[in-house]
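Below: target03.csv (CSV, C-alpha atoms and all ligand atoms)
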chain,number,residue,atom,x,y,z
A,1226,MET,CA,107.2,-25.0,43.3
A,1227,ALA,CA,110.1,-27.0,41.8
A,1228,ASN,CA,109.4,-30.2,39.9
A,1229,ASP,CA,110.9,-32.7,42.3
A,1230,SER,CA,109.6,-35.9,43.8
A,1231,VAL,CA,107.6,-37.0,46.8
A,1232,ARG,CA,108.3,-40.4,48.4
A,1233,PHE,CA,105.8,-42.5,50.2
A,1234,LEU,CA,106.4,-44.5,53.3
A,1235,ASP,CA,103.6,-47.1,53.7
A,1236,THR,CA,103.1,-48.1,57.3
A,1237,THR,CA,100.0,-50.3,56.9
A,1238,LEU,CA,102.0,-53.2,58.3
A,1239,ARG,CA,103.1,-51.3,61.4
A,1240,ASP,CA,100.8,-48.3,62.3
A,1241,GLY,CA,98.0,-49.9,60.3
A,1242,GLU,CA,98.2,-53.0,62.4
A,1243,GLN,CA,97.7,-50.8,65.5
A,1244,SER,CA,94.0,-50.5,64.4
A,1245,ALA,CA,91.8,-51.8,67.3
A,1246,GLY,CA,90.6,-55.3,66.6
A,1247,ILE,CA,93.0,-56.3,63.8
A,1248,GLY,CA,96.0,-58.5,63.7
A,1249,MET,CA,97.8,-60.0,60.8
A,1250,THR,CA,99.7,-63.2,60.5
A,1251,VAL,CA,103.3,-63.3,59.2
A,1252,ASP,CA,102.1,-64.8,55.9
A,1253,GLU,CA,99.4,-62.1,55.5
A,1254,LYS,CA,102.0,-59.4,56.1
A,1255,ILE,CA,104.3,-60.9,53.5
A,1256,GLU,CA,101.4,-61.0,51.1
A,1257,ILE,CA,100.6,-57.3,51.7
A,1258,ALA,CA,104.3,-56.4,51.4
A,1259,LYS,CA,104.5,-58.0,48.0
A,1260,GLN,CA,101.5,-56.1,46.8
A,1261,LEU,CA,103.1,-52.8,48.2
A,1262,GLN,CA,106.1,-53.7,46.1
A,1263,LYS,CA,103.8,-53.9,43.0
A,1264,LEU,CA,102.3,-50.6,44.0
A,1265,ASN,CA,105.9,-49.3,44.0
A,1266,VAL,CA,105.8,-47.4,47.3
A,1267,ASP,CA,109.2,-46.1,48.1
A,1268,ILE,CA,109.5,-47.3,51.7
A,1269,ILE,CA,107.7,-50.2,53.4
A,1270,GLU,CA,107.6,-49.9,57.2
A,1271,ALA,CA,107.4,-53.6,57.7
A,1272,GLY,CA,106.8,-53.6,61.4
A,1273,PHE,CA,108.3,-53.0,64.9
A,1274,ALA,CA,110.8,-55.8,65.1
A,1275,ALA,CA,111.3,-55.6,68.9
A,1276,SER,CA,107.6,-55.6,69.7
A,1277,SER,CA,107.2,-59.4,69.3
A,1278,PRO,CA,108.8,-62.5,67.8
A,1279,GLY,CA,106.1,-62.6,65.2
A,1280,ASP,CA,106.8,-59.0,64.1
A,1281,PHE,CA,110.6,-59.7,64.1
A,1282,GLN,CA,109.9,-62.7,61.8
A,1283,ALA,CA,107.6,-60.7,59.5
A,1284,VAL,CA,110.1,-57.8,59.2
A,1285,SER,CA,113.1,-60.0,58.5
A,1286,THR,CA,111.2,-62.1,55.9
A,1287,ILE,CA,110.0,-59.0,54.1
A,1288,ALA,CA,113.6,-57.6,54.3
A,1289,ARG,CA,114.9,-60.7,52.6
A,1290,GLU,CA,112.1,-61.3,50.1
A,1291,VAL,CA,110.9,-57.9,48.9
A,1292,ARG,CA,113.3,-56.1,46.6
A,1293,GLY,CA,112.8,-52.5,45.3
A,1294,PRO,CA,111.4,-50.5,48.2
A,1295,VAL,CA,113.5,-49.5,51.2
A,1296,ILE,CA,112.5,-51.8,54.1
A,1297,CYS,CA,112.2,-50.1,57.5
A,1298,SER,CA,111.6,-51.3,61.1
A,1299,LEU,CA,110.4,-49.0,63.8
A,1300,ALA,CA,112.3,-48.8,67.1
A,1301,ARG,CA,111.8,-47.0,70.4
A,1302,ALA,CA,114.7,-45.0,71.6
A,1303,HIS,CA,116.1,-48.0,73.5
A,1304,PRO,CA,119.3,-49.8,72.7
A,1305,ASN,CA,117.6,-53.2,72.4
A,1306,ASP,CA,114.9,-51.9,70.0
A,1307,VAL,CA,117.5,-50.3,67.8
A,1308,ASP,CA,119.7,-53.4,67.7
A,1309,GLN,CA,116.6,-55.7,67.1
A,1310,ALA,CA,115.5,-53.4,64.3
A,1311,TRP,CA,118.9,-53.8,62.6
A,1312,GLU,CA,118.9,-57.6,63.1
A,1313,ALA,CA,115.6,-57.8,61.4
A,1314,ILE,CA,116.3,-55.5,58.4
A,1315,LYS,CA,119.9,-56.2,57.7
A,1316,GLY,CA,119.1,-58.6,54.9
A,1317,ALA,CA,117.2,-55.9,53.0
A,1318,GLU,CA,118.5,-54.4,49.7
A,1319,SER,CA,118.0,-50.9,51.2
A,1320,PRO,CA,117.5,-51.1,55.0
A,1321,ARG,CA,116.2,-48.2,57.2
A,1322,ILE,CA,115.9,-47.9,61.0
A,1323,HIS,CA,113.2,-45.6,62.2
A,1324,VAL,CA,113.7,-44.3,65.8
A,1325,PHE,CA,110.9,-42.4,67.6
A,1326,LEU,CA,110.7,-40.5,70.9
A,1327,SER,CA,108.1,-38.2,72.4
A,1328,SER,CA,108.8,-34.5,72.2
A,1329,SER,CA,105.7,-32.8,73.6
A,1330,ASP,CA,105.8,-31.7,77.3
A,1331,ILE,CA,102.5,-33.6,77.8
A,1332,GLN,CA,104.2,-36.9,76.8
A,1333,VAL,CA,107.7,-36.1,78.1
A,1334,MET,CA,106.5,-35.2,81.6
A,1335,HIS,CA,103.6,-37.6,82.0
A,1336,GLN,CA,104.8,-40.6,80.1
A,1337,LEU,CA,108.6,-40.5,79.9
A,1338,ARG,CA,108.9,-38.7,83.2
A,1339,LYS,CA,112.2,-37.1,82.1
A,1340,ASN,CA,113.2,-33.5,81.5
A,1341,ARG,CA,113.7,-32.0,78.0
A,1342,GLU,CA,117.5,-32.2,78.1
A,1343,GLU,CA,117.5,-35.9,79.0
A,1344,VAL,CA,115.1,-36.6,76.1
A,1345,ILE,CA,117.3,-34.9,73.6
A,1346,GLU,CA,120.2,-36.9,74.9
A,1347,MET,CA,118.3,-40.2,74.5
A,1348,ALA,CA,117.3,-39.2,70.9
A,1349,VAL,CA,120.9,-38.4,70.0
A,1350,THR,CA,122.4,-41.5,71.5
A,1351,MET,CA,119.9,-43.8,69.8
A,1352,VAL,CA,120.2,-42.1,66.4
A,1353,GLU,CA,124.0,-42.5,66.7
A,1354,ARG,CA,123.5,-46.2,67.6
A,1355,ALA,CA,121.2,-46.7,64.6
A,1356,LYS,CA,123.7,-44.9,62.4
A,1357,SER,CA,126.4,-47.3,63.5
A,1358,HIS,CA,124.4,-50.1,62.0
A,1359,CYS,CA,122.8,-48.4,58.9
A,1360,SER,CA,123.3,-45.3,56.8
A,1361,ASP,CA,119.6,-44.7,56.4
A,1362,VAL,CA,118.1,-43.5,59.7
A,1363,GLU,CA,114.7,-41.8,60.3
A,1364,PHE,CA,113.9,-39.9,63.4
A,1365,SER,CA,110.3,-39.0,64.6
A,1366,PRO,CA,109.6,-36.6,67.4
A,1367,MET,CA,106.4,-38.1,68.6
A,1368,ASP,CA,103.5,-35.6,69.2
A,1369,ALA,CA,105.5,-33.0,67.3
A,1370,THR,CA,102.5,-30.8,66.6
A,1371,ARG,CA,101.8,-30.4,70.3
A,1372,THR,CA,105.5,-29.7,71.1
A,1373,ASN,CA,107.0,-26.4,72.0
A,1374,PRO,CA,108.3,-25.3,68.6
A,1375,GLU,CA,111.7,-24.0,69.9
A,1376,TYR,CA,112.3,-27.3,71.7
A,1377,LEU,CA,111.2,-29.2,68.5
A,1378,PHE,CA,113.7,-27.3,66.4
A,1379,GLN,CA,116.5,-28.0,69.0
A,1380,MET,CA,115.7,-31.7,69.0
A,1381,LEU,CA,115.6,-31.9,65.2
A,1382,GLU,CA,119.0,-30.1,64.9
A,1383,ALA,CA,120.5,-32.5,67.4
A,1384,VAL,CA,119.3,-35.6,65.7
A,1385,ILE,CA,120.5,-34.3,62.3
A,1386,ARG,CA,123.9,-33.7,63.7
A,1387,ALA,CA,123.8,-37.3,65.1
A,1388,GLY,CA,123.2,-38.7,61.6
A,1389,ALA,CA,119.4,-38.8,60.9
A,1390,THR,CA,118.8,-38.7,57.2
A,1391,THR,CA,115.0,-38.2,57.4
A,1392,VAL,CA,113.1,-36.2,60.1
A,1393,ASN,CA,109.4,-37.0,60.4
A,1394,ILE,CA,107.0,-34.5,61.9
A,1395,ALA,CA,104.4,-36.7,63.5
A,1396,ASP,CA,100.9,-35.4,64.1
A,1397,THR,CA,100.5,-38.3,66.5
A,1398,VAL,CA,97.1,-37.4,67.8
A,1399,GLY,CA,95.6,-35.7,64.7
A,1400,TYR,CA,95.7,-32.3,66.2
A,1401,ALA,CA,97.0,-30.2,63.3
A,1402,ILE,CA,95.0,-27.9,61.0
A,1403,PRO,CA,96.4,-27.6,57.4
A,1404,SER,CA,97.4,-23.9,57.5
A,1405,ASP,CA,99.0,-24.2,60.9
A,1406,PHE,CA,100.8,-27.4,60.0
A,1407,ALA,CA,102.2,-25.8,56.8
A,1408,ARG,CA,103.4,-22.9,58.9
A,1409,LEU,CA,105.2,-25.2,61.3
A,1410,LEU,CA,106.9,-27.1,58.4
A,1411,ARG,CA,108.1,-23.8,56.8
A,1412,GLU,CA,109.5,-22.8,60.2
A,1413,VAL,CA,111.3,-26.1,60.5
A,1414,GLN,CA,113.0,-25.6,57.1
A,1415,GLU,CA,113.9,-22.0,58.0
A,1416,LYS,CA,115.1,-22.4,61.5
A,1417,VAL,CA,116.7,-25.9,61.8
A,1418,THR,CA,120.3,-26.0,60.7
A,1419,GLY,CA,121.0,-29.0,58.5
A,1420,MET,CA,117.4,-29.3,57.1
A,1421,ASP,CA,118.7,-28.8,53.6
A,1422,LYS,CA,120.7,-32.1,53.9
A,1423,VAL,CA,117.9,-34.3,55.1
A,1424,THR,CA,114.4,-35.3,53.9
A,1425,LEU,CA,111.5,-33.6,55.6
A,1426,SER,CA,108.7,-36.2,56.2
A,1427,VAL,CA,105.2,-36.0,57.7
A,1428,HIS,CA,103.0,-38.6,59.5
A,1429,CYS,CA,99.4,-37.5,60.1
A,1430,HIS,CA,96.6,-39.1,62.1
A,1431,ASN,CA,93.0,-38.6,61.4
A,1432,ASP,CA,91.4,-37.7,64.7
A,1433,LEU,CA,89.9,-34.5,63.3
A,1434,GLY,CA,89.4,-36.0,59.8
A,1435,LEU,CA,92.2,-33.9,58.4
A,1436,ALA,CA,95.1,-36.4,57.9
A,1437,VAL,CA,95.0,-36.2,54.1
A,1438,SER,CA,94.5,-32.4,54.0
A,1439,ASN,CA,97.4,-32.0,56.4
A,1440,SER,CA,99.6,-34.2,54.3
A,1441,LEU,CA,98.8,-32.3,51.1
A,1442,ALA,CA,99.4,-29.0,52.9
A,1443,ALA,CA,102.7,-30.4,54.0
A,1444,VAL,CA,103.8,-31.3,50.5
A,1445,GLU,CA,102.9,-27.7,49.4
A,1446,ALA,CA,105.1,-26.5,52.3
A,1447,GLY,CA,108.0,-28.6,51.2
A,1448,ALA,CA,107.7,-32.1,52.8
A,1449,ARG,CA,109.2,-34.7,50.5
A,1450,GLN,CA,108.2,-37.9,52.3
A,1451,VAL,CA,104.6,-38.7,53.3
A,1452,GLU,CA,103.6,-41.5,55.5
A,1453,GLY,CA,100.3,-43.2,55.7
A,1454,CYS,CA,98.3,-46.5,55.4
A,1455,ILE,CA,96.2,-48.1,52.7
A,1456,ASN,CA,92.5,-47.4,53.4
A,1457,GLY,CA,93.5,-45.0,56.1
A,1458,ILE,CA,93.6,-47.7,58.7
A,1459,GLY,CA,95.5,-47.2,62.0
A,1460,GLU,CA,95.3,-46.2,65.7
A,1461,ARG,CA,91.9,-44.6,66.7
A,1462,ALA,CA,90.5,-42.8,63.6
A,1463,GLY,CA,93.4,-44.0,61.6
A,1464,ASN,CA,96.4,-42.7,59.6
A,1465,ALA,CA,96.4,-40.6,56.5
A,1466,SER,CA,94.9,-42.6,53.7
A,1467,LEU,CA,97.7,-43.2,51.2
A,1468,GLU,CA,95.5,-43.7,48.1
A,1469,GLU,CA,93.8,-40.3,48.7
A,1470,ILE,CA,97.1,-38.4,49.1
A,1471,ILE,CA,98.6,-40.2,46.0
A,1472,MET,CA,95.6,-39.4,43.8
A,1473,GLY,CA,95.5,-35.8,45.2
A,1474,LEU,CA,99.1,-35.3,44.0
A,1475,ASP,CA,98.4,-37.1,40.7
A,1476,THR,CA,95.2,-35.4,39.9
A,1477,ARG,CA,96.3,-31.9,40.9
A,1478,LYS,CA,99.8,-32.1,39.5
A,1479,ASP,CA,99.0,-28.6,38.1
A,1480,LEU,CA,99.2,-27.4,41.7
A,1481,PHE,CA,101.8,-29.6,43.3
A,1482,ASN,CA,104.1,-30.1,40.4
A,1483,VAL,CA,105.8,-33.1,42.0
A,1484,ASP,CA,106.6,-36.5,40.6
A,1485,ILE,CA,105.6,-39.7,42.4
A,1486,ASN,CA,106.9,-43.2,41.7
A,1487,VAL,CA,103.7,-45.1,42.6
A,1488,ASP,CA,101.9,-47.3,40.1
A,1489,THR,CA,98.4,-45.8,40.7
A,1490,THR,CA,96.7,-48.7,38.8
A,1491,GLN,CA,97.6,-50.9,41.8
A,1492,LEU,CA,95.7,-48.8,44.3
A,1493,TYR,CA,92.4,-50.6,44.0
A,1494,PRO,CA,93.9,-54.1,44.2
A,1495,THR,CA,96.0,-53.1,47.2
A,1496,SER,CA,92.9,-51.6,48.9
A,1497,ARG,CA,90.9,-54.8,48.3
A,1498,LEU,CA,93.7,-57.0,49.6
A,1499,VAL,CA,94.2,-54.9,52.8
A,1500,SER,CA,90.5,-54.9,53.4
A,1501,ARG,CA,90.2,-58.7,52.9
A,1502,ILE,CA,93.2,-59.5,55.2
A,1503,THR,CA,92.4,-57.0,58.0
A,1504,GLY,CA,88.6,-57.6,57.9
A,1505,MET,CA,88.1,-53.8,57.9
A,1506,SER,CA,85.6,-53.0,55.2
A,1507,VAL,CA,86.0,-49.9,53.1
A,1508,GLN,CA,83.0,-47.5,53.3
A,1509,ALA,CA,81.1,-47.3,50.0
A,1510,ASN,CA,81.6,-43.6,49.6
A,1511,LYS,CA,85.3,-43.7,50.4
A,1512,ALA,CA,87.3,-41.5,48.0
A,1513,VAL,CA,89.3,-43.3,45.3
A,1514,VAL,CA,88.6,-46.9,46.4
A,1515,GLY,CA,85.1,-47.0,47.7
A,1516,GLU,CA,82.4,-49.1,45.9
A,1517,ASN,CA,80.6,-45.9,44.9
A,1518,ALA,CA,83.7,-43.8,44.0
A,1519,PHE,CA,83.0,-44.1,40.3
A,1520,ARG,CA,79.3,-44.9,40.2
A,1521,HIS,CA,76.8,-42.2,39.1
A,1522,ALA,CA,73.2,-42.4,40.2
A,1523,SER,CA,71.4,-39.3,39.1
A,1524,GLY,CA,70.1,-38.9,35.6
A,1525,ILE,CA,71.9,-35.6,35.0
A,1526,HIS,CA,75.2,-37.1,36.1
A,1527,GLN,CA,74.7,-40.3,34.1
A,1528,ASP,CA,73.9,-38.3,31.0
A,1529,GLY,CA,77.0,-36.2,31.4
A,1530,VAL,CA,79.3,-39.1,32.0
A,1531,LEU,CA,78.0,-41.0,29.0
A,1532,LYS,CA,78.8,-37.9,26.8
A,1533,ASP,CA,82.2,-37.3,28.4
A,1534,ARG,CA,83.5,-38.9,31.6
A,1535,SER,CA,85.3,-35.8,32.7
A,1536,THR,CA,82.0,-34.0,33.3
A,1537,TYR,CA,81.6,-35.7,36.6
A,1538,GLU,CA,84.9,-37.6,37.2
A,1539,VAL,CA,88.1,-35.9,38.3
A,1540,MET,CA,90.1,-39.1,37.7
A,1541,GLN,CA,89.5,-42.1,35.6
A,1542,PRO,CA,88.6,-45.4,37.4
A,1543,GLU,CA,91.2,-47.2,35.3
A,1544,ARG,CA,93.9,-44.9,36.7
A,1545,VAL,CA,93.4,-46.4,40.2
A,1546,GLY,CA,92.8,-49.9,38.9
A,1547,VAL,CA,88.9,-49.9,39.0
A,1548,PRO,CA,87.7,-51.5,35.8
A,1549,GLY,CA,85.4,-48.8,34.2
A,1550,ASN,CA,82.6,-46.8,35.8
A,1551,SER,CA,79.3,-48.5,36.5
A,1552,LEU,CA,76.1,-46.5,36.4
A,1553,VAL,CA,73.7,-47.3,39.2
A,1554,LEU,CA,70.2,-47.6,37.8
A,1555,GLY,CA,67.5,-46.4,40.2
A,1556,LYS,CA,64.6,-43.9,40.4
A,1557,LEU,CA,66.9,-40.9,39.7
A,1558,SER,CA,68.3,-42.4,36.5
A,1559,GLY,CA,67.5,-40.9,33.2
A,1560,ARG,CA,66.8,-42.3,29.7
A,1561,ALA,CA,70.5,-42.1,28.6
A,1562,GLY,CA,71.6,-44.3,31.5
A,1563,LEU,CA,68.9,-46.8,30.9
A,1564,GLN,CA,69.6,-47.0,27.1
A,1565,SER,CA,73.3,-47.4,27.6
A,1566,ARG,CA,72.9,-50.3,30.1
A,1567,LEU,CA,70.4,-52.0,27.8
A,1568,GLU,CA,72.8,-51.7,25.0
A,1569,ALA,CA,75.6,-53.2,27.1
A,1570,LEU,CA,73.2,-56.1,27.7
A,1571,GLY,CA,72.7,-56.6,24.0
A,1572,TYR,CA,69.4,-54.8,23.3
A,1573,SER,CA,69.2,-52.3,20.5
A,1574,LEU,CA,66.1,-50.1,20.8
A,1575,SER,CA,64.4,-47.5,18.7
A,1576,ARG,CA,63.6,-44.1,20.2
A,1577,GLU,CA,60.0,-45.1,20.7
A,1578,GLU,CA,60.9,-48.4,22.3
A,1579,VAL,CA,63.2,-46.6,24.8
A,1580,THR,CA,60.3,-44.3,25.7
A,1581,THR,CA,58.0,-47.2,26.4
A,1582,VAL,CA,60.6,-49.2,28.4
A,1583,PHE,CA,61.6,-46.1,30.3
A,1584,GLU,CA,58.1,-45.8,31.7
A,1585,SER,CA,58.0,-49.4,32.9
A,1586,PHE,CA,61.6,-48.9,34.3
A,1587,LYS,CA,60.5,-45.8,36.3
A,1588,GLU,CA,57.6,-47.8,37.8
A,1589,LEU,CA,59.9,-50.5,38.8
A,1590,ALA,CA,62.6,-48.1,40.1
A,1591,ASP,CA,60.0,-46.5,42.4
A,1592,LYS,CA,59.7,-49.9,44.2
A,1593,LYS,CA,63.4,-50.8,44.4
A,1594,ARG,CA,66.6,-49.1,45.6
A,1595,GLU,CA,68.6,-50.3,42.6
A,1596,VAL,CA,67.5,-51.9,39.3
A,1597,THR,CA,69.8,-54.7,38.4
A,1598,ASP,CA,70.7,-56.2,35.1
A,1599,ARG,CA,68.5,-59.2,35.9
A,1600,ASP,CA,65.6,-56.8,36.6
A,1601,LEU,CA,66.1,-55.2,33.2
A,1602,GLU,CA,66.1,-58.5,31.4
A,1603,ILE,CA,62.8,-59.5,33.1
A,1604,LEU,CA,61.5,-56.1,32.2
A,1605,MET,CA,62.5,-56.5,28.5
A,1606,ASP,CA,60.9,-60.0,28.4
A,1607,GLU,CA,57.6,-58.5,29.7
A,1608,GLU,CA,57.8,-55.7,27.1
A,1609,LYS,CA,58.3,-58.3,24.4
A,1610,ARG,CA,55.4,-60.4,25.5
A,1611,SER,CA,53.0,-57.4,25.7
A,1612,ALA,CA,54.1,-56.0,22.3
B,1701,LIG,O1,101.9,-41.5,65.3
B,1701,LIG,C1,103.2,-41.5,65.6
B,1701,LIG,O2,103.7,-40.6,66.2
B,1701,LIG,C2,103.9,-42.7,65.1
B,1701,LIG,C3,105.4,-42.6,65.3
B,1701,LIG,C4,106.0,-43.9,65.7
B,1701,LIG,C5,106.0,-42.1,64.0
B,1701,LIG,O3,103.4,-43.6,64.6
B,1702,ZN,ZN,101.4,-43.0,63.9

Spit out the file's structure as structure tokens when you get a sec.
Ligand code: KIV
Ligand code: ZN
Amino acid sequence: MANDSVRFLDTTLRDGEQSAGIGMTVDEKIEIAKQLQKLNVDIIEAGFAASSPGDFQAVSTIAREVRGPVICSLARAHPNDVDQAWEAIKGAESPRIHVFLSSSDIQVMHQLRKNREEVIEMAVTMVERAKSHCSDVEFSPMDATRTNPEYLFQMLEAVIRAGATTVNIADTVGYAIPSDFARLLREVQEKVTGMDKVTLSVHCHNDLGLAVSNSLAAVEAGARQVEGCINGIGERAGNASLEEIIMGLDTRKDLFNVDINVDTTQLYPTSRLVSRITGMSVQANKAVVGENAFRHASGIHQDGVLKDRSTYEVMQPERVGVPGNSLVLGKLSGRAGLQSRLEALGYSLSREEVTTVFESFKELADKKREVTDRDLEILMDEEKRSA
């Protein structure tokens, strides 16, 4: 694969906000947008300007205040939505309008209640309208992965002719499987006239737990824009988790051979901020940003990590902004882990002393899930008194 670059569209402020039970104030959205700017994502989907006055205000403030990334607003394929999107983003350094419309028969017939030809006509008219405002226009066929492929190709070709500069294959209901998704994307590139002039993007949901795998398979198949949310928040089971895709590409550069612009050291601070503002906690074993992502509990692992971190870590915690690894001390811990923590607490022990303390430590660890620094200090005090 050629060494070119993949761009990230962060939709935490738009699709992420569609998570059940969360809502963000305008100020909170601006705070997140400023952190996304530090993270150096390529495109921030700041909201859906026509959806509410609050969203309009958030999108327009972000457009004025956040420099660097492209600032994008979502719009349904309705004239008013497209015009509102433009009104909100026109102050941006690099504005983008993102128009979406259902393409699967299930949604076209049951939700839009139109025929296929009418839907293509709507898509073309609204892409042309967006293009009359702004040179950067993204189009998403919603539910693309459940759409008749020939119809999907026809629709993509029509919107490219109408001026779309990015076409985004949306796995709206998280139905795709990596191999199948990759095949669809290869076909899109082979069969759709004009694909060589536009950016192929993907937008994956996590209903089957495959959003990140599908996004990575898409990059291998030629996608050059990936959409997702920090911490994988979003509708139902969420969107593809941006930090996981980013670190997949970064860690396995040997396979993907693509450049990314993101400052990976800002991933952890961004994750913490999004969690704090949305109130959605991050599970401890979450890849990349979970509390346990760089903690090693078993003696064998601790011993290995102390000798060389690469024995049990595929990426360094500092690379994602986590300050150093922390070994969890408990009943599975070994002598090396204990000695290292005691040294970090300022104790220097002979081999014999470590053996004695280790026995007391094991007794204590059998009674507790985790032995804390304070426990160790008490243990060391007791050892000293009985010596
Ligand atoms: O999931 C989806 O289809 C979307 C579109 C608006 C891109 O969020
Ligand atoms: Zn979505």

Identify, counting only C-alpha atoms and all ligand atoms, the protein, DNA and RNA residues located within 10 Å of ligand ZN 1702 (chain B), and give them as a list in words. Thr1236, Arg1239, Asp1240, Gly1241, Gln1243, Ser1365, Met1367, Asp1368, Ala1395, Asp1396, Thr1397, Val1398, Gly1399, His1428, Cys1429, His1430, Asn1431, Glu1452, Gly1453, Cys1454, Gly1459, Glu1460, Gly1463, Asn1464 and Ala1465 of chain A

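Counting only C-alpha atoms and all ligand atoms and comparing A:Val1352, A:Ala1288, A:Val1451, A:Leu1410, the residue that lies closest to ligand LIG 1701 (chain B) is A:Val1451.
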
Residues near A:Glu1568, cut-off 12 Å, only C-alpha atoms, skip fewer than 6 positions along chain, as number ranges by chain: A: 1561-1562, 1574-1575, 1579, 1598, 1601-1602, 1605

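Those DNA, RNA and protein residues that approach the point (109.5, -32.4, 73.9) to within 8 Å, considering only C-alpha atoms, are Ser1327, Ser1328, Ser1329, Asp1330, Gln1332, Val1333, Arg1341, Val1344, Pro1366, Ala1369, Thr1372, Asn1373, Tyr1376, Leu1377 and Met1380 of chain A.
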
Go through A:Asp1432, A:Glu1253, A:Asp1405, A:Glu1342 and flag the residue nearest ligand LIG 1701 (chain B), using all atoms listed in the file for the distances. A:Asp1432

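The spacing separating atom CA of A:Ser1523 from atom CA of A:Val1582 amounts to 18.1 Å.
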
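In this structure, atom CA of A:Leu1552 sits 8.0 Å away from atom CA of A:Arg1566.
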
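Every protein or nucleic acid residue with an atom no more than 12 Å from A:Ser1277, counting all atoms listed in the file and leaving out same-chain residues fewer than 3 positions away, appears here: Val1251, Gly1272, Phe1273, Ala1274, Asp1280, Phe1281, Gln1282, Ala1283, Val1284, Ala1300, Asp1306, Gln1309, Ala1310 and Ala1313 of chain A.
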
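Of the listed residues (A:Ala1518, A:Val1231, A:Ile1471, A:Val1437), A:Ala1518 comes nearest to A:Val1539; the distances count all atoms listed in the file.
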